[in-house]
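For reference, query-v4.tsv is printed below; it contains TSV, C-alpha atoms and all ligand atoms.
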```
chain	number	residue	atom	x	y	z
A	226	MET	CA	0.00	0.00	0.00
A	227	ASN	CA	1.28	3.47	-0.80
A	228	ALA	CA	1.95	5.75	2.12
A	229	LEU	CA	-0.45	8.64	2.54
A	230	PRO	CA	0.84	11.91	1.15
A	231	SER	CA	1.97	14.24	3.85
A	232	GLY	CA	0.69	17.74	4.40
A	233	SER	CA	-2.10	19.43	2.53
A	234	LEU	CA	-4.23	17.63	-0.05
A	235	ALA	CA	-3.21	20.17	-2.67
A	236	ARG	CA	-0.32	18.75	-4.70
A	237	SER	CA	2.82	20.81	-4.28
A	238	PRO	CA	5.46	21.16	-7.02
A	239	GLY	CA	7.69	18.09	-6.99
A	240	GLU	CA	5.13	15.82	-5.36
A	241	PRO	CA	4.14	12.75	-7.38
A	242	LEU	CA	0.90	12.65	-9.33
A	243	ASN	CA	-1.42	10.28	-7.45
A	244	VAL	CA	-3.31	8.15	-9.97
A	245	LEU	CA	-6.16	5.76	-9.17
A	246	TRP	CA	-7.19	3.48	-12.04
A	247	LEU	CA	-10.55	1.71	-11.89
A	248	GLN	CA	-12.06	-0.64	-14.45
A	249	SER	CA	-15.73	-0.42	-15.28
A	250	GLY	CA	-17.67	-2.06	-18.14
A	251	GLY	CA	-15.10	-2.96	-20.76
A	252	CYS	CA	-12.84	-5.76	-21.94
A	253	GLY	CA	-9.70	-4.67	-20.08
A	254	GLY	CA	-7.99	-4.14	-23.42
A	255	CYS	CA	-6.74	-0.67	-22.54
A	256	SER	CA	-4.87	-2.11	-19.54
A	257	MET	CA	-3.45	-4.82	-21.81
A	258	SER	CA	-2.43	-2.11	-24.24
A	259	LEU	CA	-0.74	-0.18	-21.43
A	260	LEU	CA	1.46	-3.21	-20.76
A	261	CYS	CA	2.75	-2.87	-24.34
A	262	ALA	CA	4.11	0.60	-23.60
A	263	ASP	CA	7.39	1.25	-25.32
A	264	THR	CA	9.48	0.74	-22.18
A	265	PRO	CA	11.07	-2.32	-20.57
A	266	ASP	CA	10.21	-0.98	-17.12
A	267	LEU	CA	6.70	0.48	-16.91
A	268	PRO	CA	6.71	1.00	-13.12
A	269	GLY	CA	10.15	2.65	-13.38
A	270	THR	CA	8.94	4.93	-16.17
A	271	TRP	CA	5.99	6.04	-14.10
A	272	ARG	CA	8.16	6.55	-11.04
A	273	ASP	CA	10.76	8.56	-12.96
A	274	ALA	CA	8.01	10.74	-14.43
A	275	GLY	CA	6.64	11.51	-10.99
A	276	ILE	CA	3.52	9.36	-11.32
A	277	ARG	CA	2.43	7.29	-8.34
A	278	LEU	CA	-0.10	4.58	-9.13
A	279	LEU	CA	-2.25	4.38	-6.02
A	280	TRP	CA	-4.01	1.29	-7.30
A	281	HIS	CA	-4.88	-0.62	-10.46
A	282	PRO	CA	-7.03	-3.78	-10.41
A	283	SER	CA	-4.57	-5.81	-12.50
A	284	LEU	CA	-1.24	-4.26	-11.56
A	285	SER	CA	-1.55	-3.87	-7.79
A	286	LEU	CA	-1.23	-6.46	-5.05
A	287	GLU	CA	-3.83	-4.92	-2.73
A	288	THR	CA	-7.34	-6.23	-2.90
A	289	GLY	CA	-10.55	-6.31	-0.90
A	290	VAL	CA	-10.61	-4.20	2.21
A	291	ASP	CA	-7.29	-2.47	1.40
A	292	VAL	CA	-8.76	-1.03	-1.78
A	293	ILE	CA	-12.01	0.00	-0.16
A	294	THR	CA	-10.01	1.69	2.60
A	295	LEU	CA	-7.97	3.54	-0.03
A	296	MET	CA	-11.09	4.84	-1.74
A	297	GLU	CA	-12.65	5.81	1.57
A	298	ASP	CA	-9.46	7.69	2.43
A	299	VAL	CA	-9.91	9.70	-0.76
A	300	LEU	CA	-13.55	10.43	0.04
A	301	ALA	CA	-12.62	11.49	3.57
A	302	ASP	CA	-9.83	13.81	2.36
A	303	ARG	CA	-7.15	11.65	3.94
A	304	LEU	CA	-5.57	10.76	0.58
A	305	ARG	CA	-5.02	13.13	-2.33
A	306	LEU	CA	-6.39	11.96	-5.67
A	307	ASP	CA	-4.76	13.84	-8.54
A	308	VAL	CA	-6.07	11.77	-11.45
A	309	LEU	CA	-8.95	9.31	-11.46
A	310	CYS	CA	-8.55	7.07	-14.51
A	311	ILE	CA	-11.62	5.12	-15.55
A	312	GLU	CA	-11.34	2.30	-18.08
A	313	GLY	CA	-14.57	0.87	-19.50
A	314	ALA	CA	-18.06	2.24	-19.91
A	315	LEU	CA	-20.27	3.22	-17.01
A	316	LEU	CA	-23.17	0.81	-16.63
A	317	ARG	CA	-26.27	2.66	-15.50
A	318	GLY	CA	-28.72	-0.23	-15.91
A	319	PRO	CA	-31.11	-1.60	-14.98
A	320	ASN	CA	-33.34	1.46	-15.00
A	321	GLY	CA	-30.62	3.84	-13.90
A	322	THR	CA	-29.83	1.91	-10.70
A	323	GLY	CA	-26.32	0.84	-11.74
A	324	ARG	CA	-26.92	-2.57	-10.18
A	325	PHE	CA	-25.62	-4.39	-13.26
A	326	HIS	CA	-22.16	-3.54	-11.94
A	327	MET	CA	-21.75	-3.60	-8.17
A	328	LEU	CA	-18.30	-2.96	-6.73
A	329	ALA	CA	-17.55	-6.16	-4.88
A	330	GLY	CA	-17.54	-5.93	-1.11
A	331	THR	CA	-19.13	-2.48	-0.98
A	332	GLY	CA	-22.80	-3.10	-1.73
A	333	LEU	CA	-22.71	-0.05	-3.98
A	334	PRO	CA	-22.91	0.30	-7.75
A	335	MET	CA	-19.68	1.17	-9.52
A	336	ILE	CA	-21.27	4.32	-10.93
A	337	ASP	CA	-21.79	5.61	-7.37
A	338	TRP	CA	-18.11	5.14	-6.59
A	339	VAL	CA	-17.10	6.84	-9.82
A	340	GLN	CA	-19.38	9.81	-9.18
A	341	ARG	CA	-18.17	10.27	-5.60
A	342	LEU	CA	-14.49	9.83	-6.45
A	343	SER	CA	-14.82	12.17	-9.45
A	344	ALA	CA	-16.01	14.87	-7.06
A	345	LYS	CA	-12.75	14.52	-5.11
A	346	ALA	CA	-10.32	14.07	-8.00
A	347	HIS	CA	-8.29	17.01	-9.29
A	348	LEU	CA	-8.57	15.52	-12.79
A	349	VAL	CA	-10.67	12.74	-14.31
A	350	ALA	CA	-9.47	10.79	-17.35
A	351	ALA	CA	-11.45	8.39	-19.51
A	352	VAL	CA	-9.01	5.70	-20.66
A	353	GLY	CA	-10.30	4.32	-23.95
A	354	SER	CA	-13.38	4.88	-26.06
A	355	CYS	CA	-15.74	2.96	-23.72
A	356	ALA	CA	-15.01	5.32	-20.83
A	357	ALA	CA	-15.01	8.31	-23.18
A	358	TRP	CA	-18.14	7.67	-25.26
A	359	GLY	CA	-19.66	4.31	-24.25
A	360	GLY	CA	-17.84	2.55	-27.08
A	361	ILE	CA	-18.33	-1.12	-27.92
A	362	THR	CA	-19.98	-1.69	-24.53
A	363	ALA	CA	-22.78	0.69	-25.53
A	364	GLY	CA	-23.29	-0.97	-28.92
A	365	GLY	CA	-26.49	-2.54	-30.21
A	366	ASP	CA	-29.56	-2.17	-27.99
A	367	ASN	CA	-27.32	-1.25	-25.05
A	368	PRO	CA	-29.20	-3.29	-22.42
A	369	THR	CA	-26.74	-2.24	-19.70
A	370	GLU	CA	-27.38	1.47	-20.39
A	371	ALA	CA	-23.64	1.93	-20.87
A	372	CYS	CA	-22.30	5.44	-21.43
A	373	GLY	CA	-19.07	7.38	-21.18
A	374	LEU	CA	-17.98	9.61	-18.31
A	375	GLN	CA	-19.03	12.81	-20.06
A	376	HIS	CA	-20.42	11.67	-23.39
A	377	GLU	CA	-22.90	9.23	-24.78
A	378	ASP	CA	-21.47	8.72	-28.23
A	379	GLU	CA	-21.14	12.27	-29.58
A	380	HIS	CA	-23.75	13.69	-27.22
A	381	PRO	CA	-22.38	15.52	-24.16
A	382	GLY	CA	-23.70	14.26	-20.84
A	383	GLY	CA	-22.76	10.73	-19.91
A	384	LEU	CA	-22.52	9.72	-16.25
A	385	LEU	CA	-21.06	12.94	-14.90
A	386	GLY	CA	-23.00	15.43	-17.00
A	387	GLU	CA	-22.03	18.03	-19.56
A	388	SER	CA	-21.18	20.72	-17.00
A	389	PHE	CA	-18.89	18.53	-14.89
A	390	ARG	CA	-15.47	20.12	-14.35
A	391	THR	CA	-12.46	19.46	-12.11
A	392	PRO	CA	-9.97	22.04	-10.81
A	393	GLY	CA	-6.74	20.43	-12.03
A	394	ARG	CA	-3.93	21.65	-9.82
A	395	PRO	CA	-5.62	23.75	-7.12
A	396	GLY	CA	-4.80	27.42	-7.42
A	397	THR	CA	-4.51	27.51	-11.21
A	398	ARG	CA	-8.21	28.32	-11.69
A	399	ALA	CA	-8.26	25.98	-14.66
A	400	GLU	CA	-11.49	24.13	-15.27
A	401	TRP	CA	-11.06	20.71	-16.79
A	402	PRO	CA	-13.63	18.58	-18.54
A	403	VAL	CA	-13.05	14.84	-18.51
A	404	ILE	CA	-9.84	14.10	-20.42
A	405	ASN	CA	-10.88	11.62	-23.11
A	406	ILE	CA	-7.89	9.43	-23.99
A	407	ALA	CA	-10.04	7.75	-26.63
A	408	GLY	CA	-9.11	4.70	-28.66
A	409	CYS	CA	-10.15	1.06	-28.77
A	410	PRO	CA	-7.87	0.10	-27.26
A	411	THR	CA	-6.19	3.37	-26.50
A	412	HIS	CA	-2.52	3.57	-27.46
A	413	PRO	CA	-0.22	3.15	-24.42
A	414	GLY	CA	1.73	6.21	-25.59
A	415	TRP	CA	-1.40	8.36	-25.46
A	416	VAL	CA	-1.97	7.33	-21.84
A	417	LEU	CA	1.66	7.67	-20.78
A	418	ASP	CA	2.18	11.00	-22.54
A	419	THR	CA	-1.00	12.40	-20.99
A	420	LEU	CA	-0.10	11.34	-17.45
A	421	MET	CA	3.53	12.39	-17.83
A	422	ALA	CA	2.48	15.80	-19.13
A	423	LEU	CA	0.04	16.17	-16.22
A	424	ALA	CA	2.75	15.18	-13.74
A	425	ALA	CA	4.99	17.86	-15.28
A	426	ASP	CA	2.18	20.45	-15.33
A	427	ALA	CA	2.70	20.61	-19.09
A	428	LEU	CA	-0.91	20.05	-20.14
A	429	THR	CA	-3.74	22.58	-19.91
A	430	PRO	CA	-7.42	22.47	-20.87
A	431	ALA	CA	-6.43	24.31	-24.07
A	432	ASP	CA	-4.40	21.23	-25.01
A	433	LEU	CA	-7.63	19.23	-25.35
A	434	ASP	CA	-9.71	19.24	-28.53
A	435	ALA	CA	-13.45	19.93	-28.65
A	436	LEU	CA	-14.13	16.32	-27.62
A	437	GLY	CA	-11.74	16.44	-24.66
A	438	ARG	CA	-9.01	14.40	-26.40
A	439	PRO	CA	-5.37	15.42	-25.90
A	440	ARG	CA	-4.47	17.36	-29.03
A	441	PHE	CA	-0.94	15.93	-29.23
A	442	TYR	CA	-2.49	12.90	-30.84
A	443	ALA	CA	-6.01	14.07	-31.75
A	444	ASP	CA	-4.84	16.93	-33.99
A	445	GLN	CA	-3.43	14.28	-36.35
A	446	LEU	CA	-5.17	11.99	-38.82
A	447	VAL	CA	-4.52	8.28	-39.20
A	448	HIS	CA	-3.99	9.04	-42.90
A	449	HIS	CA	-0.83	10.99	-42.00
A	450	GLY	CA	2.11	8.69	-42.58
A	451	CYS	CA	0.06	5.81	-43.99
A	452	THR	CA	2.25	3.65	-46.20
A	453	ARG	CA	-0.59	3.58	-48.74
A	454	ASN	CA	-0.54	7.35	-49.34
A	455	GLU	CA	0.79	7.04	-52.90
A	456	TYR	CA	-2.15	4.78	-53.74
A	457	TYR	CA	-4.52	7.28	-52.14
A	458	GLU	CA	-3.09	10.11	-54.26
A	459	PHE	CA	-3.94	8.24	-57.45
A	460	LYS	CA	-7.12	6.62	-56.10
A	461	ALA	CA	-5.51	3.25	-56.81
A	462	SER	CA	-7.63	1.14	-54.53
A	463	ALA	CA	-7.45	-2.19	-52.80
A	464	GLU	CA	-10.24	-4.53	-53.79
A	465	GLN	CA	-9.66	-7.33	-51.29
A	466	PRO	CA	-7.98	-7.59	-47.88
A	467	SER	CA	-4.51	-8.58	-49.03
A	468	ASP	CA	-4.17	-5.84	-51.65
A	469	LEU	CA	-1.60	-3.06	-51.23
A	470	GLY	CA	-3.79	-0.20	-52.48
A	471	CYS	CA	-5.60	2.49	-50.54
A	472	MET	CA	-8.49	1.10	-48.53
A	473	MET	CA	-10.66	4.21	-48.55
A	474	GLU	CA	-12.62	3.64	-51.75
A	475	HIS	CA	-13.78	0.06	-51.21
A	476	MET	CA	-12.49	-1.40	-47.95
A	477	GLY	CA	-14.01	0.95	-45.36
A	478	CYS	CA	-10.89	2.88	-44.31
A	479	LYS	CA	-11.72	6.06	-42.36
A	480	GLY	CA	-8.09	7.11	-41.93
A	481	THR	CA	-8.74	10.40	-43.72
A	482	GLN	CA	-11.36	11.28	-41.11
A	483	ALA	CA	-10.09	9.57	-37.93
A	484	HIS	CA	-8.24	11.74	-35.43
A	485	ALA	CA	-5.17	9.81	-34.20
A	486	ASP	CA	-1.45	9.55	-34.90
A	487	CYS	CA	-1.39	5.77	-35.43
A	488	ASN	CA	0.73	5.90	-38.60
A	489	THR	CA	3.34	8.29	-37.27
A	490	ARG	CA	3.53	7.11	-33.65
A	491	LEU	CA	2.94	3.44	-34.60
A	492	TRP	CA	2.02	0.56	-32.31
A	493	ASN	CA	4.60	-1.72	-30.70
A	494	GLY	CA	7.19	0.44	-32.43
A	495	GLU	CA	6.26	-0.58	-35.97
A	496	GLY	CA	2.62	-1.37	-36.72
A	497	SER	CA	-0.78	0.18	-37.30
A	498	CYS	CA	-4.15	-1.06	-38.50
A	499	THR	CA	-3.52	0.08	-42.08
A	500	ARG	CA	0.03	-1.32	-42.12
A	501	GLY	CA	-1.41	-4.65	-40.98
A	502	GLY	CA	-3.86	-4.60	-43.89
A	503	TYR	CA	-6.92	-3.56	-41.87
A	504	ALA	CA	-9.06	-0.52	-42.57
A	505	CYS	CA	-9.02	2.17	-39.90
A	506	ILE	CA	-12.46	2.00	-38.29
A	507	SER	CA	-11.92	5.34	-36.50
A	508	CYS	CA	-11.88	3.83	-33.02
A	509	THR	CA	-10.99	7.18	-31.43
A	510	GLU	CA	-14.24	8.77	-32.61
A	511	PRO	CA	-17.56	8.77	-30.75
A	512	GLY	CA	-20.04	6.22	-32.09
A	513	PHE	CA	-17.42	4.33	-34.07
A	514	GLN	CA	-18.92	1.04	-32.91
A	515	ALA	CA	-22.10	1.53	-34.94
A	516	PRO	CA	-21.20	3.10	-38.29
A	517	GLY	CA	-24.37	1.81	-39.95
A	518	HIS	CA	-22.42	-0.32	-42.41
A	519	ALA	CA	-20.01	-3.24	-42.40
A	520	PHE	CA	-16.62	-2.14	-41.04
A	521	HIS	CA	-14.78	-3.60	-44.03
A	522	ALA	CA	-16.87	-1.93	-46.74
A	523	THR	CA	-17.10	1.70	-47.85
A	524	PRO	CA	-20.66	3.02	-48.03
A	525	LYS	CA	-21.24	4.95	-51.27
A	526	ILE	CA	-23.90	6.85	-53.12
A	527	ALA	CA	-23.64	6.78	-56.91
A	528	GLY	CA	-20.14	5.29	-56.56
A	529	ILE	CA	-18.88	8.17	-54.35
A	530	PRO	CA	-17.87	7.33	-50.76
A	531	ILE	CA	-20.22	8.96	-48.24
A	532	GLY	CA	-17.42	9.58	-45.75
A	533	LEU	CA	-15.13	11.98	-47.56
A	534	PRO	CA	-11.76	13.12	-46.21
A	535	THR	CA	-12.03	15.68	-43.42
A	536	ASP	CA	-11.83	19.26	-44.76
A	537	MET	CA	-12.56	18.22	-48.36
A	538	PRO	CA	-15.78	19.38	-50.09
A	539	LYS	CA	-17.50	16.68	-52.13
A	540	ALA	CA	-17.16	18.49	-55.46
A	541	TRP	CA	-13.39	18.76	-54.99
A	542	TYR	CA	-13.14	15.11	-54.11
A	543	VAL	CA	-15.08	14.06	-57.21
A	544	ALA	CA	-12.99	16.30	-59.46
A	545	LEU	CA	-9.65	15.30	-57.93
A	546	ALA	CA	-10.52	11.60	-57.85
A	547	SER	CA	-11.40	11.56	-61.51
A	548	LEU	CA	-8.27	13.55	-62.45
A	549	SER	CA	-5.95	11.41	-60.35
A	550	LYS	CA	-7.44	8.17	-61.62
A	551	SER	CA	-6.79	9.27	-65.16
A	552	ALA	CA	-3.16	10.01	-64.23
A	553	THR	CA	-2.44	6.82	-62.26
A	554	PRO	CA	0.96	5.37	-63.22
A	555	LYS	CA	0.81	1.74	-64.38
A	556	ARG	CA	3.07	0.72	-61.50
A	557	VAL	CA	0.71	2.13	-58.88
A	558	LYS	CA	-2.37	0.73	-60.63
A	559	HIS	CA	-0.95	-2.81	-60.84
A	560	ASN	CA	0.47	-2.89	-57.34
A	561	ALA	CA	-2.76	-1.59	-55.82
A	562	THR	CA	-4.50	-4.88	-56.42
A	563	ALA	CA	-1.52	-7.14	-55.67
A	564	ASP	CA	-0.35	-8.50	-52.32
A	565	HIS	CA	3.27	-7.61	-53.06
A	566	VAL	CA	5.10	-5.16	-55.30
A	567	VAL	CA	4.85	-6.58	-58.81
A	568	VAL	CA	6.02	-3.48	-60.66
A	569	PRO	CA	9.00	-1.78	-58.97
A	570	PRO	CA	9.64	1.96	-59.41
A	571	ALA	CA	11.54	2.83	-62.61
A	572	ILE	CA	15.30	3.34	-62.38
A	573	ARG	CA	16.37	6.56	-64.02
A	574	ARG	CA	19.43	6.28	-66.27
A	575	THR	CA	20.52	9.80	-65.44
A	576	ARG	CA	21.39	11.28	-62.08
A	577	LEU	CA	18.32	12.26	-60.07
A	578	LYS	CA	17.50	15.95	-60.21
B	1	LIG	S1	-5.55	3.21	-46.51
B	1	LIG	FE1	-6.70	4.72	-45.28
B	1	LIG	S2	-5.15	5.83	-44.10
B	1	LIG	FE2	-4.07	4.72	-45.73
B	1	LIG	S3	-3.90	6.16	-47.46
B	1	LIG	FE3	-5.81	5.04	-47.76
B	1	LIG	S4	-7.38	6.30	-46.74
B	1	LIG	FE4	-5.40	7.00	-45.97
B	2	LIG	S1	-5.75	3.04	-37.16
B	2	LIG	FE1	-7.84	3.75	-36.73
B	2	LIG	S2	-8.93	1.94	-35.93
B	2	LIG	FE2	-6.72	1.51	-35.84
B	2	LIG	S3	-6.13	2.11	-33.74
B	2	LIG	FE3	-5.75	3.90	-35.07
B	2	LIG	S4	-7.64	5.12	-34.95
B	2	LIG	FE4	-8.12	3.08	-34.15
```
Here is a file; write its structure as structure tokens.
Amino acid sequence: MNALPSGSLARSPGEPLNVLWLQSGGCGGCSMSLLCADTPDLPGTWRDAGIRLLWHPSLSLETGVDVITLMEDVLADRLRLDVLCIEGALLRGPNGTGRFHMLAGTGLPMIDWVQRLSAKAHLVAAVGSCAAWGGITAGGDNPTEACGLQHEDEHPGGLLGESFRTPGRPGTRAEWPVINIAGCPTHPGWVLDTLMALAADALTPADLDALGRPRFYADQLVHHGCTRNEYYEFKASAEQPSDLGCMMEHMGCKGTQAHADCNTRLWNGEGSCTRGGYACISCTEPGFQAPGHAFHATPKIAGIPIGLPTDMPKAWYVALASLSKSATPKRVKHNATADHVVVPPAIRRTRLK
């Protein structure tokens, strides 16, 4: 068990960032993802960054009464809670009682604990798209009445309500909405960078986008850095899963609309959905779990994809697509529908200029 912080409950400069991580209605995938963080020593990385993990259901030894005592210490102002991290959707069912998810040994619904702890936390972070928007857990008929901390899909509200704010570091007068570290699962780097920046007082509410996502990754598009960009330029499209071409036109890729840095940050140091041959299904976006079409197919009207690249008017897309298709080099066209490079780039006989 961690020792109680000494002195006032306001965090002083140099004191570690106290983080409590609770799991609600989800698959635990965001915790699994965290274990793939690009470091051989996750606890050491946290420690060196000034982050103290008060408790995590999979990573801590304490259980039962120790954990309940810890949470009661927070509620009684005996233990400072700097960041409450919630993984998984909040289950309000049945009929708003929250009794589908009771916190073992407490006789209380998980949503009650989350609401009460959120009122004490200096910051609240939704880890993953379930905690942010409801995510996969809220899919279909949503019999568990799952929602996110401050959103229900794209609609503000969720468990804590649209107007919920936390003070951040006391004395700064900053008002923080829930920090939505969205992704399904969320990238371990997005979680680590967020917590490290908070520990260093290097993140402000202005560093969050309109959906509460940290802008260091949400101001990017998955399309940035995709290895299929040359195919995209010429609208040379994949037609089946193993093809090398761009997956936007036929295979359901939303990389030109999805806010995330997956193709520049990469996963496990080298991969991404599109590099693995899978369309980006925009897992960082609210409502991604129910796009209204098969994930692997692009919905179209009159042959034009409905979901056009962010910032691009439809008329431009139609004009550019037709122009670029007419200019597609043979190499790009052939390779787009092959599972390996069949036509290599030409070798110039003169020095490159
Ligand atoms: S496959 Fe997706 S992310 Fe890659 S270039 Fe095409 S649209 Fe962009
Ligand atoms: S590429 Fe798209 S679907 Fe895959 S993890 Fe990134 S945002 Fe999510």
Enclose ligand LIG 1 (chain B), meaning all of its atoms listed in the file, in a box aligned along x, y and z, pad it by 3 Å on each side, and list the centre and edge lengths in Å to one decimal, as AutoDock Vina command-line options.
```
--center_x -5.6 --center_y 5.1 --center_z -45.9 --size_x 9.5 --size_y 9.8 --size_z 9.7
```
**Prompt:** Neighbours of ligand LIG 1 (chain B) within 9 Å, counting all atoms listed in the file, as a VMD selection string?
**Reply:** chain A and resid 446 to 458 460 462 to 463 469 to 474 476 to 483 488 498 to 500 502 to 505 534
**Item:** Exercise: Gln514 of chain A partners within 9 Å, all atoms listed in the file, chain neighbours under 3 positions left out, as a list in words
**Value:** Gly360, Ile361, Thr362, Ala363, Gly364, Gly365, Ile506, Ser507, Cys508, Pro511 and Gly517 of chain A
Could you write out that same residue set with C-alpha atoms as a compact mmCIF listing (two decimals), in the frame of the given file?
```txt
# COMPACT_ATOMS: atom_id res chain seq x y z
CA GLY A 360 -17.84 2.55 -27.08
CA ILE A 361 -18.33 -1.12 -27.92
CA THR A 362 -19.98 -1.69 -24.53
CA ALA A 363 -22.78 0.69 -25.53
CA GLY A 364 -23.29 -0.97 -28.92
CA GLY A 365 -26.49 -2.54 -30.21
CA ILE A 506 -12.46 2.00 -38.29
CA SER A 507 -11.92 5.34 -36.50
CA CYS A 508 -11.88 3.83 -33.02
CA PRO A 511 -17.56 8.77 -30.75
CA GLY A 517 -24.37 1.81 -39.95
```
**Surrounding residues of Asp337 of chain A excluding itself and chain neighbours under 2 positions, 12 Å, all atoms listed in the file, as JSON, numbers by chain** = {"A": [249, 315, 316, 317, 321, 322, 323, 324, 326, 327, 328, 331, 332, 333, 334, 335, 339, 340, 341, 342, 343, 344, 384, 385]}
**Request:** Measure the distance from atom CA of Pro381 of chain A to atom CA of Val244 of chain A in Å and round it to one decimal.
**Result:**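 Between atom CA of Pro381 of chain A and atom CA of Val244 of chain A the gap works out to 24.9 Å.
The space between atom CA of Ser285 of chain A and atom CA of Asp302 of chain A spans 22.0 Å.
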**atom CA of Pro402 of chain A to atom CA of Arg390 of chain A, straight-line distance in Å** = 4.8 Å
**Item:** Non-local contacts of Val308 of chain A (6 Å; all atoms listed in the file; under 6 positions in same chain excluded) as a list in words
**Value:** Val244, Ala346, Leu348 and Val349 of chain A
**Prompt:** With distances taken over only C-alpha atoms, which of A:Arg490, A:Arg277, A:Arg394, A:His380 is nearest to Leu436 of chain A?
**Reply:**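 Checking each candidate against Leu436 of chain A, we get A:His380 as the closest.
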**Prompt:** For Gly512 of chain A, which of A:Asn367, A:Ser354, A:Thr489, A:Gln465 is the closest residue, counting all atoms listed in the file?
**Reply:** A:Ser354
**Complete:** Residue with the minimum atom-to-atom distance to Thr369 of chain A, picked from A:Leu295, A:Cys252, A:Ile526, A:Ala314 with only C-alpha atoms counted, is A:Ala314
**Request:** Go through A:Gly408, A:Gly393, A:Gly496, A:Gly414 and flag the residue nearest ligand LIG 2 (chain B), using all atoms listed in the file for the distances.
**Result:**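 Closest candidate: A:Gly408.
Those DNA, RNA and protein residues that approach the point (-9.2, 8.1, 2.6) to within 12 Å, considering only C-alpha atoms, are Asn227, Ala228, Leu229, Pro230, Leu234, Leu279, Asp291, Val292, Ile293, Thr294, Leu295, Met296, Glu297, Asp298, Val299, Leu300, Ala301, Asp302, Arg303, Leu304, Arg305, Leu306, Leu342 and Lys345 of chain A.
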**Asked** Which residue gives the smallest distance to Glu495 of chain A among A:Asp263, A:Asp418, A:Glu312, A:Glu240, with all atoms listed in the file counted?
**Response**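 Closest residue, counting all atoms listed in the file: A:Asp263.
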**Request:** Considering only C-alpha atoms, return as a PyMOL selection string whatever protein or nucleic-acid residues lie within 7 Å of Pro410 of chain A, sequence-local ones (same chain, fewer than 4 positions apart) excluded.
**Result:** chain A and resi 254-255+258+353
**Asked** Given the choices A:Leu284, A:Val416, A:Cys487, A:Cys310, which gets closest to ligand LIG 2 (chain B) if the distance is worked out from all atoms listed in the file?
**Response** A:Cys487
